[in-house]
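Asker: Dumping the structure here so I can ask a few things about it.
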Amino acid sequence: MQHLIDNFDIEWLDSHTNREVMILPMGLQTYFADYLQELGTYVRMNGIDLTTVSCKKMHGEISNFTKTEYKNFSKSKKDIDTIFFAYSYSLATLCLTDRTVRKLVGVKKGFFG
């Protein structure tokens, strides 16, 4: 996450989030904002610490969440990878604009976080 914050701006992150979402099945594209909110709730409810979770672990959590909560949508590895990147870019965008989210995720922006 820190790499995304340090190397890319909001416009880049937004455009790449949109590109990733456009690859998803149409049904999931339509509900992607709701999906992200539900995923956020899932992360909090399961005690996943965003400051220490590895990419591999988070990818697995996204896969588990999608397979259990979104049974009607395609759950191919490609779709899970796409969701992971869209989620990461979305979270990085929030980190760039919201100090509270940066603290939650454990990243810094500038000298004072």
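In the structure tokens, chains take letters A, B, ... by order of appearance, with residues numbered from 1 within each chain and ligands from 1 in the order shown.
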Give me the residues within 10 Å of range 86-97 of chain A as a ChimeraX atom specification, counting only C-alpha atoms and dropping any in the same chain fewer than 6 places off.
Answerer: /A:1-6,8-22,24,32,35-36,39-40,55,58-59,62,80,103-109
Asker: Write out, as a CSV table (one decimal), in the first residue's frame, the residues just selected, with C-alpha atoms.
Answerer:
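Output contents, as saved in part27.csv:
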chain,number,residue,atom,x,y,z
A,1,MET,CA,0.0,0.0,0.0
A,2,GLN,CA,2.8,2.4,0.9
A,3,HIS,CA,4.3,1.8,-2.6
A,4,LEU,CA,1.0,2.9,-4.2
A,5,ILE,CA,0.8,6.0,-2.0
A,6,ASP,CA,4.4,7.0,-2.6
A,8,PHE,CA,1.0,7.3,-7.8
A,9,ASP,CA,-1.5,10.1,-7.7
A,10,ILE,CA,-5.3,10.1,-7.3
A,11,GLU,CA,-5.9,10.3,-11.0
A,12,TRP,CA,-3.7,7.3,-11.8
A,13,LEU,CA,-5.3,5.3,-9.0
A,14,ASP,CA,-8.8,6.2,-10.1
A,15,SER,CA,-8.2,5.4,-13.7
A,16,HIS,CA,-6.7,2.0,-12.8
A,17,THR,CA,-9.5,1.2,-10.4
A,18,ASN,CA,-12.0,2.0,-13.2
A,19,ARG,CA,-10.1,-0.2,-15.6
A,20,GLU,CA,-10.1,-3.1,-13.2
A,21,VAL,CA,-13.8,-2.8,-12.5
A,22,MET,CA,-14.6,-2.7,-16.2
A,24,LEU,CA,-15.4,-7.7,-13.9
A,32,PHE,CA,-18.9,-2.9,-6.9
A,35,TYR,CA,-19.2,-4.9,-2.6
A,36,LEU,CA,-16.4,-2.7,-1.2
A,39,LEU,CA,-15.8,-6.3,2.2
A,40,GLY,CA,-14.8,-3.5,4.6
A,55,CYS,CA,-1.0,-9.3,0.0
A,58,MET,CA,-5.6,-10.3,1.8
A,59,HIS,CA,-6.0,-11.9,-1.6
A,62,ILE,CA,-11.1,-11.5,-0.8
A,80,ILE,CA,-10.5,-12.5,-7.8
A,103,LYS,CA,-3.6,5.5,10.1
A,104,LEU,CA,-6.0,2.5,9.9
A,105,VAL,CA,-3.9,1.0,7.1
A,106,GLY,CA,-0.5,2.1,8.6
A,107,VAL,CA,0.8,4.1,5.7
A,108,LYS,CA,2.3,7.6,5.7
A,109,LYS,CA,1.9,10.6,3.4
Asker: So the first atom is CA of Tyr31 in chain A and the second is CA of Glu69 in chain A; what is the distance between them in Å, to one decimal place?
Answerer: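 So the two atoms, CA of Tyr31 in chain A and CA of Glu69 in chain A, lie 12.7 Å apart.
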Asker: Mind listing the helix (DSSP H, G or I) residues of chain A, per DSSP on the backbone, as a VMD selection string?
Answerer: chain A and resid 2 to 7 10 to 23 26 to 30 32 to 45 55 to 69 77 to 97 99 to 105
Asker: Skip Gly60 in chain A itself and residues of its chain fewer than 3 positions away, then list as an NGL selection string all residues within 12 Å of it, counting only C-alpha atoms.
Answerer: :A and (43 or 48 or 53-57 or 63-67 or 77 or 80-81 or 83-84)
Asker: Next, dump the selected residues to file, keeping only N, CA and C atoms, as a compact mmCIF listing (two decimals), in the first residue's frame.
Answerer:
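Result file part-v9.txt:
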# COMPACT_ATOMS: atom_id res chain seq x y z
N VAL A 43 -13.82 -7.36 6.70
CA VAL A 43 -12.45 -7.19 7.20
C VAL A 43 -12.49 -6.82 8.69
N ILE A 48 -9.18 -8.49 10.71
CA ILE A 48 -8.02 -8.44 9.81
C ILE A 48 -7.34 -7.08 10.00
N VAL A 53 -1.40 -7.15 7.44
CA VAL A 53 -1.82 -8.24 6.56
C VAL A 53 -0.98 -8.25 5.28
N SER A 54 -0.59 -9.45 4.86
CA SER A 54 0.18 -9.58 3.63
C SER A 54 -0.75 -9.54 2.42
N CYS A 55 -0.17 -9.25 1.27
CA CYS A 55 -0.98 -9.26 0.03
C CYS A 55 -1.58 -10.64 -0.20
N LYS A 56 -0.79 -11.68 0.02
CA LYS A 56 -1.27 -13.05 -0.19
C LYS A 56 -2.46 -13.35 0.74
N LYS A 57 -2.35 -12.96 2.00
CA LYS A 57 -3.43 -13.20 2.96
C LYS A 57 -4.68 -12.41 2.57
N SER A 63 -10.92 -13.66 -1.75
CA SER A 63 -11.43 -14.86 -2.41
C SER A 63 -12.50 -15.54 -1.54
N ASN A 64 -12.20 -15.72 -0.26
CA ASN A 64 -13.17 -16.35 0.65
C ASN A 64 -14.46 -15.54 0.73
N PHE A 65 -14.33 -14.22 0.88
CA PHE A 65 -15.49 -13.35 0.98
C PHE A 65 -16.35 -13.44 -0.28
N THR A 66 -15.70 -13.37 -1.43
CA THR A 66 -16.43 -13.38 -2.70
C THR A 66 -17.14 -14.72 -2.91
N LYS A 67 -16.47 -15.80 -2.59
CA LYS A 67 -17.05 -17.13 -2.80
C LYS A 67 -18.22 -17.41 -1.86
N LYS A 77 -10.11 -17.27 -10.85
CA LYS A 77 -8.89 -16.65 -10.32
C LYS A 77 -8.69 -15.27 -10.93
N ILE A 80 -10.96 -12.80 -9.16
CA ILE A 80 -10.46 -12.52 -7.82
C ILE A 80 -9.24 -11.61 -7.89
N ASP A 81 -8.35 -11.86 -8.84
CA ASP A 81 -7.19 -10.99 -9.02
C ASP A 81 -7.62 -9.56 -9.36
N ILE A 83 -10.51 -8.12 -8.67
CA ILE A 83 -11.12 -7.51 -7.48
C ILE A 83 -10.03 -7.06 -6.52
N PHE A 84 -9.00 -7.88 -6.33
CA PHE A 84 -7.90 -7.53 -5.43
C PHE A 84 -7.24 -6.22 -5.86
Asker: Kindly give the distance, in Å, that separates CA of Lys75 in chain A and CA of Leu28 in chain A, rounded to a single decimal.
Answerer: 10.8 Å
